[in-house]
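A short worksheet on the structure shown next.
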Amino acid sequence: MSSYEFLSLMNDDQDDDERGVVPVPWEGSFIAFSIDPAATLRYYCRGGDTVAKELVQTLACKQYAGYCVQWTAGLPDPDAAFNRMWLRPIQIGLTKPRPNRMDKFKRKTPDMCIPILPTTEHPLGRTPLPISHPLPWSNCYQPTIDEFDVLVEPQNYEYSDTPRFSSATDSAIHRYTSEDVKRINVMEAECSVGPLEVQDPVVNTSDSDSIESVGDYAPSLGDDIDAVENIFFSSVNAPMWSKIFTPAIKINSDLGVIKVLSDPVELWDEHAALKRIVDECKARQRAASRPLEATCGQGVVPPNQVAQRSLLSSLSQLGAKFKRARTKLVGVFRFETAVRG
């Protein structure tokens with residue numbers, strides 16, 4: 001299936017029974033998911049070394065639910081090893097305080113969320129979010145601000161009966177997120193930190209190719225929807241992709257597999273723990289490659305350079321053959337021109 005064919009399947013005008021089985025989740029569709037440490041190591045560390053493989057075995061990755069906001073690298077490619085997407089996890093009950101967070105999101109308050117129908121109660125009286133099918137849990141809320149960048153391996157997903165948010169619902173979540181960002185800025189100002197202005201994302205200049213979370217490369221948030229979009233959807237800019245640590249996840253379109261829905265707070269803890277394992281593994285792999293690089297000055301050529309030299313040699317030979325053929329053709333042309341003249 002090509003990306004164009006997949007795009008035609010994603011048309012909102014189609015009925016659920018016309019959507020059927022697809023290789024990647026629909027935008028707006030709810031999924032059950034958990035972090036996949038082994039797939040993450042394959043993506044970042046060529047599978048990882050023995051130490052990393054042992055460490056990821058100690059991670060207790062829990063089960064969560066959320067919906068696909070959008071794909072962040074253009075159209076999803078059903079034939080790619082991984083596709084990137086933003087998802088928003090959901091939670092049971094109001095938002096829990098996060099005093100241990102190292103960024104401004106530690107100031108999130110319990111009302112920074114939106115009820116999902118049939119749940120209607122909210123401290124600020126926010127309008128509940130409509131959904132195509134009821135979720136299998138009661139008292140569900142959509143937290144604002146929290147969004148998660150993930151890698152997804154294409155496989156066959158059945159979405160005909162999966163709950164979905166419409167694009168209008170997603171816009172409402174975006175609007176409430178903007179309101180909560182303003183409130184966080186006010187709280188920061190009241191704590192003598194001063195108002196926070198919109199800044200360009202900070203590019204990570206360390207040896208690591210990733211950073212802790214969205215809050216780490218977005219130290220400030222604006223007071224309007226455009227500013228929020230600039231922060232949370234900045235991954236559509238290709239240079240930023242390699243700077244955001246993006247774990248792979250396991251997906252199930254059957255939400256019923258989750259008996260106990262975990263809170264998104266724990267998701268960020270797992271994210272941070274896996275990132276440390278990946279960063280340490282990449283550091284060991286870089287250190288292991290340095291002795292090989294050091295031998296280059298002693299006449300030993302690394303395997304990748306051998307392949308490059310072989311390719312250059314082949315191209316050079318091909319170029320020489322082309323030049324000789326061109327010379328012959330020019331000679332024949334000149335001879336025919338002289339004869340006709």
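Ligands are numbered from 1 in the order shown, residues from 1 within each chain, and chains are lettered A, B, ... in the order they appear in the structure tokens.
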Write out as a short mmCIF file (atom, residue, chain, number, x, y, z; two decimals) with all heavy atoms, in the first residue's frame which residues come within 9 Å of range 259-274 of chain A when counting only C-alpha atoms, dropping same-chain ones fewer than 4 positions away.
data_model
loop_
_atom_site.label_atom_id
_atom_site.label_comp_id
_atom_site.auth_asym_id
_atom_site.auth_seq_id
_atom_site.Cartn_x
_atom_site.Cartn_y
_atom_site.Cartn_z
N SER A 34 1.96 0.56 24.88
CA SER A 34 2.99 0.51 25.92
C SER A 34 4.33 0.75 25.25
O SER A 34 4.48 0.48 24.04
CB SER A 34 2.99 -0.83 26.66
OG SER A 34 3.25 -1.90 25.74
N ILE A 35 5.29 1.26 25.97
CA ILE A 35 6.61 1.50 25.40
C ILE A 35 7.27 0.16 25.07
O ILE A 35 7.16 -0.82 25.82
CB ILE A 35 7.49 2.30 26.38
CG1 ILE A 35 7.00 3.76 26.44
CG2 ILE A 35 8.95 2.27 25.99
CD1 ILE A 35 7.81 4.66 27.35
N PRO A 37 10.81 -1.25 24.65
CA PRO A 37 12.24 -0.99 24.80
C PRO A 37 13.09 -1.68 23.74
O PRO A 37 14.06 -1.10 23.23
CB PRO A 37 12.56 -1.54 26.20
CG PRO A 37 11.25 -1.52 26.92
CD PRO A 37 10.23 -1.84 25.89
N THR A 40 12.92 0.14 20.50
CA THR A 40 13.62 1.42 20.65
C THR A 40 15.13 1.23 20.51
O THR A 40 15.82 2.03 19.86
CB THR A 40 13.30 2.05 22.01
OG1 THR A 40 11.88 2.18 22.16
CG2 THR A 40 13.94 3.43 22.14
N LEU A 55 19.44 -4.13 30.85
CA LEU A 55 18.81 -3.04 31.57
C LEU A 55 17.34 -2.86 31.17
O LEU A 55 16.48 -2.61 32.02
CB LEU A 55 19.57 -1.73 31.34
CG LEU A 55 20.92 -1.62 32.06
CD1 LEU A 55 21.64 -0.34 31.63
CD2 LEU A 55 20.73 -1.63 33.58
N VAL A 56 17.04 -3.00 29.86
CA VAL A 56 15.65 -2.80 29.45
C VAL A 56 14.75 -3.91 29.98
O VAL A 56 13.53 -3.72 30.10
CB VAL A 56 15.52 -2.71 27.91
CG1 VAL A 56 16.26 -1.50 27.38
CG2 VAL A 56 16.00 -3.99 27.23
N LEU A 59 12.87 -2.79 33.04
CA LEU A 59 11.83 -1.76 32.93
C LEU A 59 10.45 -2.41 32.99
O LEU A 59 10.18 -3.38 32.28
CB LEU A 59 11.98 -0.99 31.62
CG LEU A 59 13.26 -0.17 31.44
CD1 LEU A 59 13.26 0.50 30.06
CD2 LEU A 59 13.38 0.88 32.53
N ALA A 60 9.60 -1.89 33.83
CA ALA A 60 8.22 -2.37 33.93
C ALA A 60 7.32 -1.42 33.16
O ALA A 60 6.76 -0.47 33.72
CB ALA A 60 7.79 -2.47 35.38
N CYS A 61 7.22 -1.63 31.86
CA CYS A 61 6.43 -0.73 31.01
C CYS A 61 4.94 -1.07 31.13
O CYS A 61 4.52 -2.18 30.82
CB CYS A 61 6.90 -0.84 29.56
SG CYS A 61 8.60 -0.30 29.33
N LYS A 62 4.17 -0.09 31.56
CA LYS A 62 2.74 -0.31 31.80
C LYS A 62 1.92 -0.01 30.55
O LYS A 62 2.44 0.41 29.52
CB LYS A 62 2.30 0.56 32.98
CG LYS A 62 3.02 0.23 34.27
CD LYS A 62 2.51 1.07 35.44
CE LYS A 62 3.23 0.69 36.73
NZ LYS A 62 2.73 1.46 37.90
N GLN A 63 0.62 -0.25 30.66
CA GLN A 63 -0.28 -0.06 29.53
C GLN A 63 -1.04 1.27 29.67
O GLN A 63 -1.53 1.61 30.74
CB GLN A 63 -1.28 -1.22 29.45
CG GLN A 63 -0.62 -2.54 29.07
CD GLN A 63 -1.64 -3.65 28.93
OE1 GLN A 63 -2.46 -3.88 29.81
NE2 GLN A 63 -1.58 -4.36 27.81
N TYR A 64 -1.13 1.96 28.54
CA TYR A 64 -1.79 3.26 28.50
C TYR A 64 -2.76 3.29 27.32
O TYR A 64 -2.79 2.38 26.49
CB TYR A 64 -0.74 4.38 28.34
CG TYR A 64 0.34 4.35 29.37
CD1 TYR A 64 1.51 3.61 29.19
CD2 TYR A 64 0.21 5.05 30.57
CE1 TYR A 64 2.50 3.57 30.16
CE2 TYR A 64 1.20 5.03 31.55
CZ TYR A 64 2.34 4.28 31.33
OH TYR A 64 3.32 4.24 32.30
N ALA A 65 -3.52 4.35 27.26
CA ALA A 65 -4.43 4.56 26.13
C ALA A 65 -4.36 6.02 25.73
O ALA A 65 -4.10 6.91 26.55
CB ALA A 65 -5.86 4.17 26.48
N PRO A 89 -2.09 10.85 25.53
CA PRO A 89 -2.62 9.83 26.44
C PRO A 89 -3.80 10.37 27.23
O PRO A 89 -3.95 11.58 27.42
CB PRO A 89 -1.43 9.54 27.36
CG PRO A 89 -0.63 10.81 27.36
CD PRO A 89 -0.80 11.41 25.98
N ILE A 90 -4.67 9.48 27.68
CA ILE A 90 -5.80 9.88 28.51
C ILE A 90 -5.57 9.37 29.93
O ILE A 90 -4.65 8.59 30.18
CB ILE A 90 -7.14 9.34 27.96
CG1 ILE A 90 -7.13 7.81 27.94
CG2 ILE A 90 -7.41 9.91 26.59
CD1 ILE A 90 -8.48 7.21 27.62
N GLN A 91 -6.41 9.82 30.86
CA GLN A 91 -6.23 9.46 32.26
C GLN A 91 -7.58 9.22 32.92
O GLN A 91 -8.62 9.62 32.41
CB GLN A 91 -5.50 10.58 33.00
CG GLN A 91 -6.29 11.89 33.05
CD GLN A 91 -5.47 13.08 33.50
OE1 GLN A 91 -4.26 13.12 33.34
NE2 GLN A 91 -6.15 14.08 34.07
N ILE A 92 -7.53 8.55 34.07
CA ILE A 92 -8.73 8.35 34.89
C ILE A 92 -8.72 9.43 35.97
O ILE A 92 -7.77 9.55 36.74
CB ILE A 92 -8.74 6.96 35.54
CG1 ILE A 92 -8.67 5.86 34.47
CG2 ILE A 92 -9.97 6.80 36.42
CD1 ILE A 92 -9.85 5.84 33.54
N LYS A 96 -3.15 14.69 38.14
CA LYS A 96 -2.41 14.57 39.40
C LYS A 96 -1.27 15.58 39.43
O LYS A 96 -0.64 15.84 38.40
CB LYS A 96 -1.87 13.15 39.56
CG LYS A 96 -2.97 12.10 39.69
CD LYS A 96 -2.37 10.71 39.80
CE LYS A 96 -3.47 9.67 40.00
NZ LYS A 96 -4.40 9.63 38.86
N ARG A 98 2.41 17.21 39.82
CA ARG A 98 3.71 16.68 39.39
C ARG A 98 4.84 17.52 39.99
O ARG A 98 5.61 18.16 39.27
CB ARG A 98 3.81 16.68 37.87
CG ARG A 98 2.65 15.96 37.20
CD ARG A 98 2.78 15.94 35.73
NE ARG A 98 1.62 15.30 35.12
CZ ARG A 98 1.53 15.03 33.83
NH1 ARG A 98 2.53 15.33 33.03
NH2 ARG A 98 0.45 14.44 33.35
N TRP A 137 -13.61 2.49 29.95
CA TRP A 137 -13.36 2.85 31.35
C TRP A 137 -14.28 4.02 31.70
O TRP A 137 -14.68 4.80 30.84
CB TRP A 137 -11.90 3.25 31.57
CG TRP A 137 -10.94 2.32 30.92
CD1 TRP A 137 -10.51 1.11 31.39
CD2 TRP A 137 -10.29 2.51 29.67
NE1 TRP A 137 -9.64 0.53 30.52
CE2 TRP A 137 -9.48 1.37 29.44
CE3 TRP A 137 -10.30 3.51 28.71
CZ2 TRP A 137 -8.70 1.21 28.30
CZ3 TRP A 137 -9.54 3.37 27.57
CH2 TRP A 137 -8.75 2.23 27.38
N PRO A 143 -5.99 14.93 29.45
CA PRO A 143 -5.13 15.99 29.99
C PRO A 143 -4.70 16.96 28.90
O PRO A 143 -4.53 16.57 27.75
CB PRO A 143 -3.93 15.21 30.55
CG PRO A 143 -3.91 13.94 29.78
CD PRO A 143 -5.35 13.62 29.47
N ASP A 146 -0.04 17.59 27.73
CA ASP A 146 0.69 16.33 27.57
C ASP A 146 0.52 15.76 26.17
O ASP A 146 -0.59 15.40 25.76
CB ASP A 146 0.18 15.29 28.59
CG ASP A 146 0.82 15.49 29.95
OD1 ASP A 146 1.85 16.18 30.02
OD2 ASP A 146 0.28 14.98 30.94
N PHE A 148 2.93 13.17 23.30
CA PHE A 148 4.01 12.20 23.34
C PHE A 148 4.40 11.85 21.92
O PHE A 148 3.56 11.44 21.11
CB PHE A 148 3.51 10.96 24.09
CG PHE A 148 4.59 10.14 24.72
CD1 PHE A 148 5.37 10.66 25.74
CD2 PHE A 148 4.81 8.83 24.31
CE1 PHE A 148 6.36 9.88 26.33
CE2 PHE A 148 5.79 8.06 24.89
CZ PHE A 148 6.56 8.58 25.92
N GLU A 212 15.35 15.17 27.01
CA GLU A 212 14.47 14.53 27.96
C GLU A 212 13.00 14.54 27.55
O GLU A 212 12.36 13.53 27.54
CB GLU A 212 14.60 15.23 29.32
CG GLU A 212 15.82 14.79 30.10
CD GLU A 212 15.69 13.36 30.59
OE1 GLU A 212 14.57 12.84 30.66
OE2 GLU A 212 16.72 12.75 30.89
N SER A 213 12.45 15.68 27.20
CA SER A 213 11.03 15.75 26.90
C SER A 213 10.74 17.02 26.13
O SER A 213 11.62 17.82 25.87
CB SER A 213 10.21 15.73 28.20
OG SER A 213 10.43 16.93 28.92
N PHE A 245 14.16 12.55 21.75
CA PHE A 245 14.16 11.11 22.02
C PHE A 245 12.75 10.58 21.83
O PHE A 245 11.81 11.03 22.48
CB PHE A 245 14.64 10.83 23.44
CG PHE A 245 14.54 9.37 23.80
CD1 PHE A 245 15.34 8.43 23.14
CD2 PHE A 245 13.65 8.93 24.76
CE1 PHE A 245 15.23 7.09 23.45
CE2 PHE A 245 13.54 7.58 25.06
CZ PHE A 245 14.34 6.67 24.41
N THR A 246 12.62 9.65 20.92
CA THR A 246 11.30 9.15 20.53
C THR A 246 11.26 7.64 20.70
O THR A 246 11.79 6.90 19.88
CB THR A 246 11.02 9.51 19.06
OG1 THR A 246 11.25 10.91 18.86
CG2 THR A 246 9.59 9.16 18.68
N PRO A 247 10.63 7.14 21.75
CA PRO A 247 10.57 5.69 21.96
C PRO A 247 9.59 5.01 21.01
O PRO A 247 8.62 5.62 20.55
CB PRO A 247 10.10 5.57 23.41
CG PRO A 247 9.29 6.81 23.63
CD PRO A 247 9.96 7.88 22.83
N LEU A 255 -9.02 -1.77 22.81
CA LEU A 255 -8.82 -1.12 24.10
C LEU A 255 -9.18 -2.03 25.27
O LEU A 255 -8.76 -1.79 26.40
CB LEU A 255 -9.66 0.16 24.19
CG LEU A 255 -9.40 1.22 23.11
CD1 LEU A 255 -10.27 2.45 23.36
CD2 LEU A 255 -7.93 1.62 23.07
N VAL A 278 19.38 4.25 26.53
CA VAL A 278 19.77 4.45 25.13
C VAL A 278 20.99 5.36 25.03
O VAL A 278 21.94 5.07 24.28
CB VAL A 278 18.58 5.04 24.33
CG1 VAL A 278 19.05 5.55 22.95
CG2 VAL A 278 17.48 4.01 24.16
N ASP A 279 21.00 6.47 25.78
CA ASP A 279 22.14 7.39 25.73
C ASP A 279 23.43 6.70 26.18
O ASP A 279 24.49 6.89 25.56
CB ASP A 279 21.87 8.60 26.62
CG ASP A 279 20.87 9.57 25.99
OD1 ASP A 279 20.56 9.40 24.80
OD2 ASP A 279 20.39 10.48 26.69
#
Residues within 10 Å of Leu135 in chain A, only C-alpha atoms, excluding chain neighbours under 2 positions, as a ChimeraX atom specification
/A:30,65,116-118,131-133,137-140,162-164,255-256
Identify which of the residues A:Tyr141, A:Trp86, A:Tyr43, A:Tyr159 lies closest to Glu121 in chain A, counting only C-alpha atoms when measuring atom-to-atom distances.
A:Tyr141
So, with only C-alpha atoms as the atoms that count, which of A:Lys108, A:His122, A:Lys250, A:Lys282 lies closest to Val181 in chain A?
A:Lys108
Give me, as a list in words, all polymer residues having an atom no more than 8 Å from Gln70 in chain A, counting only C-alpha atoms and skipping those fewer than 4 positions away in the same chain.
Glu27, Gly28, Met85, Trp86 and Leu87 of chain A
Dump N, CA and C atoms for the selected residues as a compact mmCIF listing (two decimals), in the first residue's frame?
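See again-v4.txt below for the written result:
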# COMPACT_ATOMS: atom_id res chain seq x y z
N GLU A 27 -5.48 9.03 12.27
CA GLU A 27 -5.45 10.23 13.08
C GLU A 27 -6.81 10.39 13.76
N GLY A 28 -6.78 10.59 15.08
CA GLY A 28 -8.01 10.70 15.85
C GLY A 28 -8.45 9.40 16.50
N MET A 85 4.62 9.61 15.16
CA MET A 85 3.35 10.27 15.37
C MET A 85 3.31 10.90 16.76
N TRP A 86 2.46 11.92 16.88
CA TRP A 86 2.14 12.51 18.17
C TRP A 86 0.90 11.82 18.68
N LEU A 87 0.90 11.44 19.96
CA LEU A 87 -0.33 10.93 20.56
C LEU A 87 -0.57 11.64 21.88
DSSP-assigned strand (DSSP E or B) among range 44-111 of chain A, expressed as a list in words:
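Residues meeting the strand (DSSP E or B) criterion: Tyr64, Ala65, Gly66, Tyr67, Cys68, Val69, Gln70, Trp71, Asn83, Arg84, Met85, Trp86, Leu87, Arg88, Pro89, Gln91 and Ile92 of chain A.
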Please measure the separation of CA of Ser160 in chain A and CA of Asp79 in chain A, giving the value in Å to one decimal.
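Those two atoms sit 21.9 Å apart.
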Atom pair CA of Pro134 in chain A / CA of Ala32 in chain A: separation (Å)
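Value for the CA of Pro134 in chain A-CA of Ala32 in chain A distance: 14.5 Å.
Between CA of Leu41 in chain A and CA of Cys281 in chain A lies a distance of 8.9 Å.
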